[in-house]
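Below is query-v7.txt, which holds compact mmCIF, C-alpha atoms and all ligand atoms.
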```
# COMPACT_ATOMS: atom_id res chain seq x y z
CA MET V 1 17.90 -60.65 -33.65
CA ALA V 2 21.05 -58.52 -33.79
CA SER V 3 24.02 -60.04 -35.62
CA ASP V 4 27.63 -59.61 -34.49
CA ALA V 5 28.13 -56.94 -37.14
CA ASP V 6 25.15 -54.98 -35.75
CA TRP V 7 26.65 -55.14 -32.28
CA LEU V 8 29.79 -53.48 -33.54
CA ARG V 9 28.05 -50.86 -35.75
CA ASN V 10 25.42 -49.68 -33.30
CA PRO V 11 26.17 -48.15 -29.93
CA VAL V 12 25.87 -50.85 -27.33
CA LYS V 13 24.02 -49.99 -24.13
CA VAL V 14 26.02 -51.32 -21.20
CA ALA V 15 25.20 -51.80 -17.52
CA ILE V 16 27.84 -52.71 -14.97
CA VAL V 17 26.24 -54.20 -11.89
CA GLY V 18 28.42 -53.64 -8.81
CA ALA V 19 30.85 -50.77 -8.24
CA GLY V 20 33.44 -52.61 -6.13
CA ILE V 21 37.03 -52.59 -7.31
CA ALA V 22 36.33 -54.72 -10.43
CA GLY V 23 33.19 -52.89 -11.59
CA SER V 24 34.42 -49.36 -10.93
CA PHE V 25 37.83 -50.02 -12.53
CA LEU V 26 36.19 -51.63 -15.57
CA GLY V 27 33.81 -48.65 -15.82
CA CYS V 28 36.77 -46.26 -16.01
CA LEU V 29 38.55 -48.40 -18.63
CA LEU V 30 35.40 -48.50 -20.77
CA GLU V 31 34.96 -44.72 -20.43
CA LYS V 32 38.49 -44.40 -21.84
CA LYS V 33 37.33 -46.42 -24.85
CA GLY V 34 34.37 -44.08 -25.37
CA ILE V 35 31.78 -46.45 -23.89
CA SER V 36 29.68 -44.90 -21.10
CA PRO V 37 28.18 -47.64 -18.94
CA ASP V 38 25.44 -47.18 -16.37
CA VAL V 39 26.93 -48.48 -13.13
CA TYR V 40 24.53 -49.90 -10.53
CA GLU V 41 25.62 -50.09 -6.90
CA LYS V 42 23.32 -51.28 -4.16
CA GLY V 43 25.55 -49.97 -1.32
CA HIS V 44 24.34 -50.58 2.26
CA HIS V 45 27.25 -52.76 3.36
CA ASP V 46 26.84 -53.46 7.01
CA THR V 47 30.31 -52.13 7.83
CA VAL V 48 31.64 -48.95 9.47
CA CYS V 49 33.75 -48.06 6.40
CA GLY V 50 30.65 -48.53 4.21
CA PHE V 51 32.41 -51.02 1.92
CA ARG V 52 32.68 -54.77 1.75
CA SER V 53 34.93 -56.36 4.37
CA CYS V 54 38.53 -56.51 3.08
CA GLY V 55 42.09 -56.34 4.49
CA TRP V 56 43.13 -53.71 1.87
CA GLY V 57 46.45 -55.47 1.23
CA ALA V 58 47.88 -55.50 -2.31
CA PRO V 59 51.24 -55.73 -4.07
CA SER V 60 52.70 -52.38 -5.09
CA THR V 61 52.50 -53.54 -8.75
CA ILE V 62 48.85 -52.49 -8.48
CA GLY V 63 50.23 -49.02 -9.26
CA ALA V 64 50.40 -49.98 -12.97
CA TYR V 65 46.61 -50.56 -13.03
CA LEU V 66 45.94 -47.29 -11.23
CA ALA V 67 48.13 -45.51 -13.77
CA ASP V 68 45.85 -46.88 -16.53
CA THR V 69 43.13 -44.63 -15.14
CA GLY V 70 45.46 -41.70 -14.40
CA LEU V 71 45.62 -42.43 -10.65
CA ASP V 72 48.74 -42.55 -8.52
CA LEU V 73 49.35 -45.33 -5.97
CA ASP V 74 51.05 -42.82 -3.63
CA ASP V 75 47.69 -41.11 -3.12
CA TYR V 76 46.23 -44.33 -1.67
CA LEU V 77 49.22 -45.87 0.05
CA LEU V 78 48.60 -46.42 3.77
CA GLU V 79 51.58 -48.53 4.88
CA SER V 80 54.33 -50.49 3.22
CA MET V 81 54.57 -54.15 4.26
CA LYS V 82 58.11 -54.58 2.89
CA SER V 83 58.96 -57.02 5.63
CA MET V 84 56.30 -59.28 7.04
CA GLU V 85 56.30 -61.98 9.68
CA PHE V 86 55.17 -65.46 8.66
CA ASP V 87 54.76 -67.43 11.90
CA GLY V 88 58.07 -66.19 13.31
CA LEU V 89 59.97 -65.96 10.02
CA VAL V 90 60.42 -62.46 8.61
CA ALA V 91 60.38 -62.29 4.79
CA ARG V 92 60.55 -59.45 2.29
CA THR V 93 57.35 -58.73 0.33
CA PRO V 94 56.21 -56.17 -2.25
CA LEU V 95 52.95 -55.75 -0.32
CA CYS V 96 51.34 -52.62 1.05
CA THR V 97 47.97 -51.56 2.42
CA LEU V 98 45.98 -49.07 0.44
CA ASP V 99 42.98 -46.88 1.08
CA LYS V 100 40.66 -49.12 -0.92
CA PRO V 101 37.48 -47.17 -0.04
CA GLY V 102 39.18 -43.93 -1.17
CA LEU V 103 40.31 -45.58 -4.40
CA ILE V 104 36.83 -46.95 -5.16
CA ARG V 105 35.27 -43.56 -4.36
CA ASP V 106 37.65 -41.84 -6.80
CA LEU V 107 36.95 -44.42 -9.53
CA ARG V 108 33.20 -44.08 -8.94
CA SER V 109 33.40 -40.29 -9.13
CA ARG V 110 34.22 -40.64 -12.86
CA LEU V 111 31.21 -42.85 -13.55
CA LYS V 112 27.47 -42.58 -13.90
CA ILE V 113 26.50 -44.39 -10.70
CA ILE V 114 22.91 -45.47 -10.20
CA GLN V 115 22.44 -46.09 -6.50
CA ARG V 116 20.21 -49.10 -6.43
CA GLN V 117 20.10 -52.87 -6.52
CA PHE V 118 19.92 -54.32 -10.02
CA THR V 119 17.80 -57.43 -10.29
CA ASN V 120 17.67 -60.16 -12.86
CA HIS V 121 14.15 -59.12 -13.79
CA GLY V 122 15.03 -55.58 -14.91
CA GLY V 123 17.51 -54.06 -17.31
CA GLU V 124 15.69 -54.91 -20.57
CA GLU V 125 17.20 -51.83 -22.19
CA TYR V 126 20.79 -53.09 -21.90
CA ASP V 127 22.57 -55.01 -24.66
CA VAL V 128 25.34 -56.00 -22.26
CA VAL V 129 25.10 -56.50 -18.51
CA VAL V 130 28.39 -57.00 -16.64
CA ASP V 131 28.10 -58.99 -13.44
CA ALA V 132 30.62 -57.34 -11.09
CA THR V 133 28.68 -58.27 -7.96
CA GLY V 134 31.52 -60.14 -6.23
CA ILE V 135 30.52 -62.88 -3.84
CA SER V 136 26.78 -62.53 -4.58
CA ARG V 137 27.14 -63.25 -8.34
CA ALA V 138 23.67 -61.79 -8.67
CA ILE V 139 23.24 -61.90 -12.46
CA LEU V 140 25.13 -64.91 -13.86
CA PRO V 141 23.84 -68.45 -13.33
CA PRO V 142 25.45 -70.30 -10.37
CA CYS V 143 29.08 -71.48 -10.65
CA THR V 144 29.62 -75.06 -11.81
CA SER V 145 31.41 -75.83 -8.52
CA ASP V 146 31.44 -72.96 -6.07
CA LEU V 147 33.67 -72.77 -3.01
CA THR V 148 33.56 -69.92 -0.51
CA LEU V 149 35.24 -69.48 2.82
CA PRO V 150 34.11 -67.48 5.85
CA THR V 151 36.15 -64.64 7.37
CA LEU V 152 36.01 -62.33 10.36
CA GLN V 153 37.93 -59.08 10.62
CA HIS V 154 38.38 -56.36 13.27
CA ARG V 155 39.76 -52.89 12.82
CA VAL V 156 41.70 -52.02 15.97
CA PHE V 157 43.71 -49.11 17.32
CA ILE V 158 46.96 -50.26 18.90
CA GLU V 159 48.98 -48.13 21.32
CA PRO V 160 52.33 -49.46 22.54
CA VAL V 161 52.48 -50.03 26.28
CA THR V 162 55.93 -51.61 26.32
CA GLY V 163 58.10 -51.54 23.17
CA GLY V 164 56.78 -50.68 19.71
CA THR V 165 53.65 -51.47 17.73
CA PRO V 166 53.29 -54.81 15.90
CA GLY V 167 54.50 -55.14 12.33
CA PRO V 168 52.60 -56.77 9.47
CA GLY V 169 52.18 -60.50 9.82
CA VAL V 170 50.45 -63.64 8.66
CA TYR V 171 49.97 -66.48 11.13
CA GLY V 172 48.92 -69.85 9.76
CA SER V 173 49.68 -71.79 12.92
CA HIS V 174 46.84 -70.07 14.82
CA VAL V 175 44.13 -71.43 12.51
CA PRO V 176 43.51 -75.19 12.27
CA GLY V 177 43.78 -76.50 8.69
CA LEU V 178 44.29 -74.22 5.73
CA GLY V 179 43.77 -70.66 6.92
CA TYR V 180 45.52 -67.78 8.62
CA ILE V 181 45.28 -64.68 10.76
CA TRP V 182 46.45 -61.47 9.10
CA VAL V 183 47.72 -58.31 10.79
CA PHE V 184 47.75 -55.47 8.27
CA PRO V 185 48.83 -51.99 9.46
CA LEU V 186 46.74 -49.14 8.06
CA GLY V 187 48.79 -46.24 9.43
CA ARG V 188 47.99 -43.96 12.36
CA ARG V 189 48.05 -46.92 14.76
CA GLN V 190 45.16 -48.66 13.03
CA TYR V 191 45.23 -52.31 11.94
CA HIS V 192 43.08 -54.82 10.17
CA ILE V 193 43.31 -58.06 12.11
CA GLY V 194 41.29 -60.86 10.63
CA ALA V 195 41.06 -64.60 10.15
CA GLY V 196 39.82 -66.84 7.40
CA GLY V 197 40.20 -70.38 6.18
CA LEU V 198 38.54 -73.58 5.13
CA VAL V 199 36.73 -76.04 7.37
CA PHE V 200 37.13 -74.08 10.58
CA ASP V 201 34.85 -71.11 11.31
CA ARG V 202 35.21 -70.28 15.01
CA TYR V 203 37.19 -67.17 14.20
CA ALA V 204 35.72 -65.04 16.98
CA GLU V 205 37.40 -67.27 19.58
CA ILE V 206 40.71 -67.45 17.73
CA LEU V 207 40.83 -63.69 17.17
CA ASP V 208 39.85 -62.95 20.79
CA GLN V 209 42.74 -65.11 21.94
CA PHE V 210 45.11 -63.41 19.48
CA LEU V 211 44.02 -59.92 20.58
CA ASN V 212 44.26 -60.91 24.27
CA ASP V 213 47.85 -62.01 23.69
CA LEU V 214 48.60 -58.73 21.91
CA SER V 215 47.01 -56.69 24.70
CA ARG V 216 49.73 -57.83 27.11
CA ASP V 217 52.14 -55.39 25.46
CA HIS V 218 49.75 -53.01 23.74
CA GLY V 219 46.69 -50.91 24.47
CA LEU V 220 43.97 -52.20 22.12
CA THR V 221 40.68 -50.57 21.14
CA ARG V 222 38.32 -52.31 18.72
CA HIS V 223 36.85 -49.93 16.17
CA CYS V 224 34.67 -52.33 14.16
CA THR V 225 34.10 -55.99 13.38
CA CYS V 226 32.75 -57.52 10.20
CA PRO V 227 32.13 -61.07 9.05
CA GLY V 228 32.70 -61.80 5.35
CA LYS V 229 33.08 -64.48 2.72
CA ILE V 230 35.55 -65.00 -0.13
CA ARG V 231 34.97 -66.98 -3.32
CA VAL V 232 37.96 -69.32 -3.73
CA ALA V 233 36.34 -71.44 -6.45
CA CYS V 234 38.79 -70.18 -9.19
CA PRO V 235 37.63 -69.02 -12.65
CA PHE V 236 37.56 -72.51 -14.14
CA TYR V 237 34.93 -73.66 -11.64
CA SER V 238 33.15 -70.27 -11.71
CA GLN V 239 31.89 -70.91 -15.25
CA PRO V 240 29.79 -69.89 -17.01
CA MET V 241 31.57 -66.55 -17.14
CA VAL V 242 29.34 -65.37 -19.97
CA ALA V 243 25.70 -66.07 -20.70
CA THR V 244 22.87 -64.73 -22.85
CA ARG V 245 19.25 -64.01 -22.09
CA MET V 246 16.36 -63.35 -24.48
CA ARG V 247 14.77 -59.94 -24.00
CA GLU V 248 11.08 -59.16 -24.51
CA ASN V 249 11.92 -57.48 -27.85
CA GLY V 250 13.44 -60.76 -29.09
CA GLU V 251 17.02 -59.50 -28.92
CA LEU V 252 19.74 -61.19 -26.96
CA GLN V 253 21.27 -59.61 -23.90
CA ARG V 254 24.87 -60.56 -23.17
CA ILE V 255 25.86 -61.15 -19.56
CA ILE V 256 29.57 -61.11 -18.74
CA GLY V 257 31.18 -61.70 -15.34
CA VAL V 258 34.20 -59.87 -13.98
CA GLY V 259 36.19 -59.99 -10.73
CA GLU V 260 35.23 -62.15 -7.78
CA SER V 261 31.87 -63.04 -9.35
CA ILE V 262 33.95 -65.27 -11.66
CA GLY V 263 36.48 -66.28 -9.00
CA THR V 264 39.55 -64.16 -9.79
CA VAL V 265 40.88 -64.68 -6.27
CA SER V 266 43.89 -66.70 -5.13
CA PRO V 267 42.38 -69.84 -3.54
CA PHE V 268 45.33 -70.17 -1.12
CA THR V 269 45.51 -66.58 0.13
CA GLY V 270 42.17 -64.92 -0.73
CA GLU V 271 43.92 -62.04 -2.55
CA GLY V 272 41.40 -60.67 -5.01
CA ILE V 273 42.01 -56.93 -5.44
CA ILE V 274 44.79 -57.00 -8.02
CA TYR V 275 43.42 -60.07 -9.83
CA SER V 276 39.98 -58.48 -10.13
CA MET V 277 41.59 -55.40 -11.64
CA GLU V 278 43.60 -57.55 -14.04
CA CYS V 279 40.41 -59.40 -14.97
CA ALA V 280 38.66 -56.06 -15.66
CA LYS V 281 41.55 -55.01 -17.88
CA ILE V 282 41.39 -58.26 -19.84
CA LEU V 283 37.65 -57.72 -20.30
CA ALA V 284 38.13 -54.13 -21.49
CA ASP V 285 40.91 -55.24 -23.89
CA SER V 286 38.79 -58.03 -25.38
CA TRP V 287 35.53 -56.08 -25.21
CA LEU V 288 32.61 -57.91 -26.88
CA ASN V 289 34.76 -60.83 -27.92
CA GLU V 290 33.57 -63.22 -25.24
CA ASP V 291 35.42 -66.28 -26.59
CA LEU V 292 38.70 -64.41 -26.42
CA TYR V 293 37.84 -63.06 -22.96
CA VAL V 294 37.04 -66.49 -21.51
CA SER V 295 40.10 -68.13 -23.03
CA ARG V 296 42.37 -65.34 -21.77
CA ILE V 297 40.94 -65.54 -18.25
CA LEU V 298 41.24 -69.34 -18.13
CA SER V 299 44.80 -69.22 -19.37
CA ARG V 300 45.99 -66.26 -17.26
CA PHE V 301 44.47 -67.69 -14.07
CA ALA V 302 45.17 -71.39 -14.78
CA TRP V 303 47.28 -71.47 -11.59
CA MET V 304 44.13 -70.72 -9.55
CA ARG V 305 42.63 -73.96 -10.83
CA LYS V 306 45.69 -75.84 -9.54
CA GLU V 307 45.37 -74.21 -6.12
CA ARG V 308 41.68 -75.12 -6.09
CA GLU V 309 42.62 -78.71 -6.92
CA THR V 310 44.84 -78.73 -3.83
CA LEU V 311 41.99 -77.39 -1.67
CA ASP V 312 39.64 -80.07 -3.03
CA TYR V 313 42.25 -82.71 -2.34
CA LEU V 314 42.81 -81.53 1.24
CA LEU V 315 39.06 -81.39 1.83
CA SER V 316 38.29 -84.75 0.23
CA ALA V 317 37.02 -87.58 2.37
CA GLY V 318 38.93 -90.86 2.26
CA ARG V 319 42.29 -89.20 1.56
CA ASP V 320 44.95 -90.94 3.61
CA THR V 321 47.99 -88.75 2.99
CA GLY V 322 48.94 -85.15 3.81
CA PRO V 323 49.89 -82.48 1.27
CA ARG V 324 51.51 -84.05 -1.79
CA LEU V 325 54.72 -82.81 -3.38
CA ARG V 326 52.65 -80.92 -5.97
CA ASP V 327 50.63 -79.18 -3.18
CA ARG V 328 53.83 -78.04 -1.47
CA TRP V 329 55.20 -76.86 -4.80
CA ARG V 330 51.99 -74.87 -5.46
CA PHE V 331 52.30 -73.30 -2.03
CA TYR V 332 55.86 -72.24 -2.83
CA ARG V 333 54.80 -70.96 -6.28
CA ASN V 334 52.01 -68.95 -4.64
CA ALA V 335 54.50 -67.21 -2.36
CA ARG V 336 56.83 -66.49 -5.29
CA ARG V 337 53.97 -65.17 -7.42
CA SER V 338 53.04 -62.73 -4.66
CA GLY V 339 56.69 -61.70 -4.48
CA VAL V 340 57.09 -63.12 -0.94
CA GLN V 341 60.73 -64.17 -0.48
CA LEU V 342 59.94 -67.38 1.43
CA PRO V 343 62.70 -70.00 1.00
CA LEU V 344 61.63 -73.21 -0.75
CA TRP V 345 62.26 -75.45 2.26
CA GLU V 346 60.32 -73.08 4.52
CA ALA V 347 57.30 -73.07 2.21
CA PHE V 348 57.44 -76.87 2.03
CA ARG V 349 57.71 -77.16 5.80
CA ARG V 350 54.80 -74.81 6.42
CA MET V 351 52.48 -76.69 4.11
CA GLY V 352 53.71 -79.88 5.77
CA SER V 353 52.31 -78.67 9.08
CA LEU V 354 48.86 -79.27 7.57
CA THR V 355 49.56 -82.98 7.87
CA ARG V 356 48.89 -82.74 11.61
CA TRP V 357 45.45 -81.25 10.93
CA ILE V 358 44.65 -83.83 8.26
CA GLU V 359 45.71 -86.77 10.37
CA GLY V 360 44.03 -85.35 13.48
C1 LIG K 401 37.66 -60.31 5.07
C2 LIG K 401 38.24 -60.19 3.70
C3 LIG K 401 39.55 -59.72 3.57
C4 LIG K 401 40.11 -59.59 2.30
N1 LIG K 401 41.36 -59.06 2.22
C5 LIG K 401 41.93 -58.91 1.01
C6 LIG K 401 43.21 -58.31 0.90
O1 LIG K 401 43.81 -57.88 1.89
N2 LIG K 401 43.77 -58.21 -0.32
C7 LIG K 401 43.12 -58.66 -1.45
O2 LIG K 401 43.68 -58.57 -2.54
N3 LIG K 401 41.88 -59.20 -1.38
C8 LIG K 401 41.26 -59.32 -0.18
N4 LIG K 401 40.00 -59.82 -0.10
C9 LIG K 401 39.29 -60.16 -1.36
C10 LIG K 401 38.86 -58.89 -2.06
O3 LIG K 401 38.21 -58.02 -1.15
C11 LIG K 401 37.87 -59.21 -3.21
O4 LIG K 401 38.32 -60.33 -3.93
C12 LIG K 401 37.71 -58.04 -4.17
O5 LIG K 401 37.31 -56.88 -3.47
C13 LIG K 401 36.68 -58.40 -5.23
O6 LIG K 401 36.27 -57.25 -5.89
P1 LIG K 401 34.93 -57.23 -6.76
O7 LIG K 401 34.77 -55.85 -7.25
O8 LIG K 401 34.95 -58.35 -7.73
O9 LIG K 401 33.75 -57.57 -5.74
P2 LIG K 401 33.21 -56.72 -4.50
O10 LIG K 401 34.29 -55.95 -3.87
O11 LIG K 401 32.45 -57.66 -3.64
O12 LIG K 401 32.19 -55.68 -5.16
C14 LIG K 401 30.92 -56.08 -5.60
C15 LIG K 401 29.99 -54.87 -5.54
O13 LIG K 401 28.75 -55.23 -6.12
C16 LIG K 401 27.71 -54.64 -5.37
N5 LIG K 401 26.49 -55.42 -5.65
C17 LIG K 401 26.28 -56.73 -5.36
N6 LIG K 401 25.07 -57.12 -5.83
C18 LIG K 401 24.52 -56.03 -6.45
C19 LIG K 401 23.29 -55.80 -7.13
N7 LIG K 401 22.38 -56.76 -7.32
N8 LIG K 401 23.03 -54.56 -7.63
C20 LIG K 401 23.94 -53.55 -7.47
N9 LIG K 401 25.13 -53.72 -6.83
C21 LIG K 401 25.43 -54.96 -6.33
C22 LIG K 401 28.20 -54.73 -3.94
O14 LIG K 401 27.55 -53.78 -3.12
C23 LIG K 401 29.70 -54.43 -4.11
O15 LIG K 401 29.96 -53.07 -3.99
C24 LIG K 401 39.38 -59.95 1.14
C25 LIG K 401 38.06 -60.41 1.26
C26 LIG K 401 37.50 -60.53 2.53
C27 LIG K 401 36.07 -61.00 2.66
```

Would you kindly transcribe this structure into structure tokens?
Amino acid sequence: MASDADWLRNPVKVAIVGAGIAGSFLGCLLEKKGISPDVYEKGHHDTVCGFRSCGWGAPSTIGAYLADTGLDLDDYLLESMKSMEFDGLVARTPLCTLDKPGLIRDLRSRLKIIQRQFTNHGGEEYDVVVDATGISRAILPPCTSDLTLPTLQHRVFIEPVTGGTPGPGVYGSHVPGLGYIWVFPLGRRQYHIGAGGLVFDRYAEILDQFLNDLSRDHGLTRHCTCPGKIRVACPFYSQPMVATRMRENGELQRIIGVGESIGTVSPFTGEGIIYSMECAKILADSWLNEDLYVSRILSRFAWMRKERETLDYLLSAGRDTGPRLRDRWRFYRNARRSGVQLPLWEAFRRMGSLTRWIEG
């Protein structure tokens, strides 16, 4: 069996399974370190854009990660969402929409992509297999306590009939319980309008109603519709993040998770693009030191565990109170972390509106 010293001396054969944002970004970071992974991508997403369903919203600080691979955010920027409506309140945000498919295509173009599904039964030749398979978590064992939520998203063209076109917005009051509708402009009159949340899953009805209301003042054409799922389990409950498997030749194969496969997604908002890139960077920086990697992920994303604790609390049977002070505080902290300038009292009040759902 290979010792740790052997791992470092001999070239390590690496497979990255999944060329979404986490896998393709990690691939480019490893290439920079002189490691050339084989990157497997099964493709065949049942979507018009050819990629997994996503709103394509991210904070502009994502530019720093793109710069790490020599890319420029301006080349992918679709629309700024500097001011965004939150159920009637307009707040400043650092958010934008970006051409995520274009970005992933450019990252992939620098990698050796093998266009096929990787299964747990193959890949004997690899010393390290990175599970970057997102929601399917196809290689690692199941999460200790998984939690996923359903979504539905349309891409629509919006023409103004009276007045202007809608601005970016997030509408929690339209979705019962903890969830929201998002309206993300993509430029050239196109928008992602979607809904997601816990407990409730009749998004088609809610979105139809929302689009009907919009169509009073706008000409609307639906371009595509895709259902999806987001892992909001948080990294702590998405363990194990690393595993080993004995190969036929008696040597160990290391399996390491990255991105949404290990839950690097905000449980409150479902934002996973920037956190999956950050996770990939932490993995590249602590390459082949799994203990360091796991401890850095758990510490960097400790706040996700707290948000998950709030979700578990709100979902728990037998609870007889609404959101606690700590839940409201976490909601406020979430907004601040995302750079959303939502006043403290407003964040508290919004989370308080969940009480109606809980008591109902
Ligand atoms: C409707 C919706 C809207 C969202 N909106 C936003 C948003 O606006 N902003 C934001 O930050 N986050 C958003 N998210 C979350 C975000 O999309 C994800 O968290 C992020 O893309 C995760 O990236 P990833 O690379 O880890 O996984 P993925 O993007 O899921 O990539 C995994 C890749 O692995 C491939 N794959 C899977 N299994 C195999 C296999 N066995 N062999 C080979 N390849 C395989 C898949 O084809 C896929 O390409 C949204 C999610 C949904 C569902």

Non-local contacts of V:Asp38 (10 Å; all atoms listed in the file; under 2 positions in same chain excluded) as a ChimeraX atom specification
/V:13-17,27,35-36,40-41,111-114,126,129

Extract, using all atoms listed in the file, all DNA, RNA and protein residues at most 12 Å from stretch 328-331 of chain V, discarding same-chain residues fewer than 4 positions from it, and format them as a ChimeraX atom specification.
/V:178,266-269,303-311,314,322-324,335-338,340,342-355

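The two atoms in question, atom CA of V:Gly88 and atom CA of V:His174, are spaced 12.0 Å apart.
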
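As for atom CA of V:Val258 and atom CA of V:Ala280, they are spaced 6.1 Å apart.
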
Considering only C-alpha atoms and all ligand atoms, tabulate each residue of chain V that lies at most 6 Å from ligand LIG 401 (chain K) along with its nearest interatomic pair and the corresponding distance in Å to one decimal; arrange the rows by chain and ascending residue number and present them as JSON lines.
```
{"residue": "V:Val17", "atom": "CA", "partner": "K:LIG401", "partner_atom": "C20", "distance": 5.0}
{"residue": "V:Gly18", "atom": "CA", "partner": "K:LIG401", "partner_atom": "O13", "distance": 3.1}
{"residue": "V:Ala19", "atom": "CA", "partner": "K:LIG401", "partner_atom": "O15", "distance": 4.9}
{"residue": "V:Gly20", "atom": "CA", "partner": "K:LIG401", "partner_atom": "O12", "distance": 3.5}
{"residue": "V:Ile21", "atom": "CA", "partner": "K:LIG401", "partner_atom": "O7", "distance": 4.0}
{"residue": "V:Ala22", "atom": "CA", "partner": "K:LIG401", "partner_atom": "O7", "distance": 3.7}
{"residue": "V:Gly23", "atom": "CA", "partner": "K:LIG401", "partner_atom": "O7", "distance": 5.5}
{"residue": "V:Tyr40", "atom": "CA", "partner": "K:LIG401", "partner_atom": "C20", "distance": 4.8}
{"residue": "V:Glu41", "atom": "CA", "partner": "K:LIG401", "partner_atom": "N9", "distance": 3.7}
{"residue": "V:Lys42", "atom": "CA", "partner": "K:LIG401", "partner_atom": "N9", "distance": 4.0}
{"residue": "V:Gly43", "atom": "CA", "partner": "K:LIG401", "partner_atom": "O14", "distance": 4.7}
{"residue": "V:Arg52", "atom": "CA", "partner": "K:LIG401", "partner_atom": "O10", "distance": 6.0}
{"residue": "V:Ser53", "atom": "CA", "partner": "K:LIG401", "partner_atom": "C1", "distance": 4.9}
{"residue": "V:Cys54", "atom": "CA", "partner": "K:LIG401", "partner_atom": "C3", "distance": 3.4}
{"residue": "V:Gly55", "atom": "CA", "partner": "K:LIG401", "partner_atom": "O1", "distance": 3.5}
{"residue": "V:Trp56", "atom": "CA", "partner": "K:LIG401", "partner_atom": "O1", "distance": 4.2}
{"residue": "V:Gly57", "atom": "CA", "partner": "K:LIG401", "partner_atom": "O1", "distance": 3.6}
{"residue": "V:Ala58", "atom": "CA", "partner": "K:LIG401", "partner_atom": "O2", "distance": 5.2}
{"residue": "V:Arg116", "atom": "CA", "partner": "K:LIG401", "partner_atom": "C20", "distance": 5.9}
{"residue": "V:Gln117", "atom": "CA", "partner": "K:LIG401", "partner_atom": "N8", "distance": 3.6}
{"residue": "V:Phe118", "atom": "CA", "partner": "K:LIG401", "partner_atom": "N8", "distance": 3.9}
{"residue": "V:Thr119", "atom": "CA", "partner": "K:LIG401", "partner_atom": "N7", "distance": 5.5}
{"residue": "V:Ala132", "atom": "CA", "partner": "K:LIG401", "partner_atom": "O8", "distance": 5.6}
{"residue": "V:Thr133", "atom": "CA", "partner": "K:LIG401", "partner_atom": "O13", "distance": 3.6}
{"residue": "V:Gly134", "atom": "CA", "partner": "K:LIG401", "partner_atom": "O9", "distance": 3.4}
{"residue": "V:Ile135", "atom": "CA", "partner": "K:LIG401", "partner_atom": "O11", "distance": 5.6}
{"residue": "V:Ser136", "atom": "CA", "partner": "K:LIG401", "partner_atom": "N6", "distance": 5.8}
{"residue": "V:Ala138", "atom": "CA", "partner": "K:LIG401", "partner_atom": "N7", "distance": 5.4}
{"residue": "V:Thr151", "atom": "CA", "partner": "K:LIG401", "partner_atom": "C1", "distance": 5.1}
{"residue": "V:Leu152", "atom": "CA", "partner": "K:LIG401", "partner_atom": "C1", "distance": 5.9}
{"residue": "V:Gln153", "atom": "CA", "partner": "K:LIG401", "partner_atom": "C1", "distance": 5.7}
{"residue": "V:Gly228", "atom": "CA", "partner": "K:LIG401", "partner_atom": "C27", "distance": 4.4}
{"residue": "V:Lys229", "atom": "CA", "partner": "K:LIG401", "partner_atom": "C27", "distance": 4.6}
{"residue": "V:Ile230", "atom": "CA", "partner": "K:LIG401", "partner_atom": "C27", "distance": 4.9}
{"residue": "V:Gly259", "atom": "CA", "partner": "K:LIG401", "partner_atom": "O8", "distance": 3.6}
{"residue": "V:Glu260", "atom": "CA", "partner": "K:LIG401", "partner_atom": "O8", "distance": 3.8}
{"residue": "V:Ser261", "atom": "CA", "partner": "K:LIG401", "partner_atom": "O8", "distance": 5.8}
{"residue": "V:Val265", "atom": "CA", "partner": "K:LIG401", "partner_atom": "O4", "distance": 5.6}
{"residue": "V:Gly270", "atom": "CA", "partner": "K:LIG401", "partner_atom": "N4", "distance": 5.6}
{"residue": "V:Glu271", "atom": "CA", "partner": "K:LIG401", "partner_atom": "O2", "distance": 3.5}
{"residue": "V:Gly272", "atom": "CA", "partner": "K:LIG401", "partner_atom": "O4", "distance": 3.3}
{"residue": "V:Ile273", "atom": "CA", "partner": "K:LIG401", "partner_atom": "O2", "distance": 3.7}
{"residue": "V:Ile274", "atom": "CA", "partner": "K:LIG401", "partner_atom": "O2", "distance": 5.8}
{"residue": "V:Ser276", "atom": "CA", "partner": "K:LIG401", "partner_atom": "O8", "distance": 5.6}
```

Among V:Glu205, V:Asp46, V:Glu31, V:Glu124, V:Arg247 is approached most closely, using all atoms listed in the file, by V:Glu124

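The two atoms in question, atom CA of V:Leu288 and atom CA of V:Glu251, are spaced 15.8 Å apart.
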
Might you pull out every residue within 8 Å of V:Lys100, with all atoms listed in the file counted and same-chain residues fewer than 3 positions away left off, and present them as a list in words?
Trp56, Tyr76, Leu103 and Ile104 of chain V

Atoms to include: C-alpha atoms. Write the selected residues as a PDB file, in the frame of the given file.
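Listed below is the output, selection.pdb:
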```pdb
ATOM      1  CA  TRP V  56      43.130 -53.710   1.870  1.00  0.00           C
ATOM      2  CA  TYR V  76      46.230 -44.330  -1.670  1.00  0.00           C
ATOM      3  CA  LEU V 103      40.310 -45.580  -4.400  1.00  0.00           C
ATOM      4  CA  ILE V 104      36.830 -46.950  -5.160  1.00  0.00           C
TER       5      ILE V 104
END
```
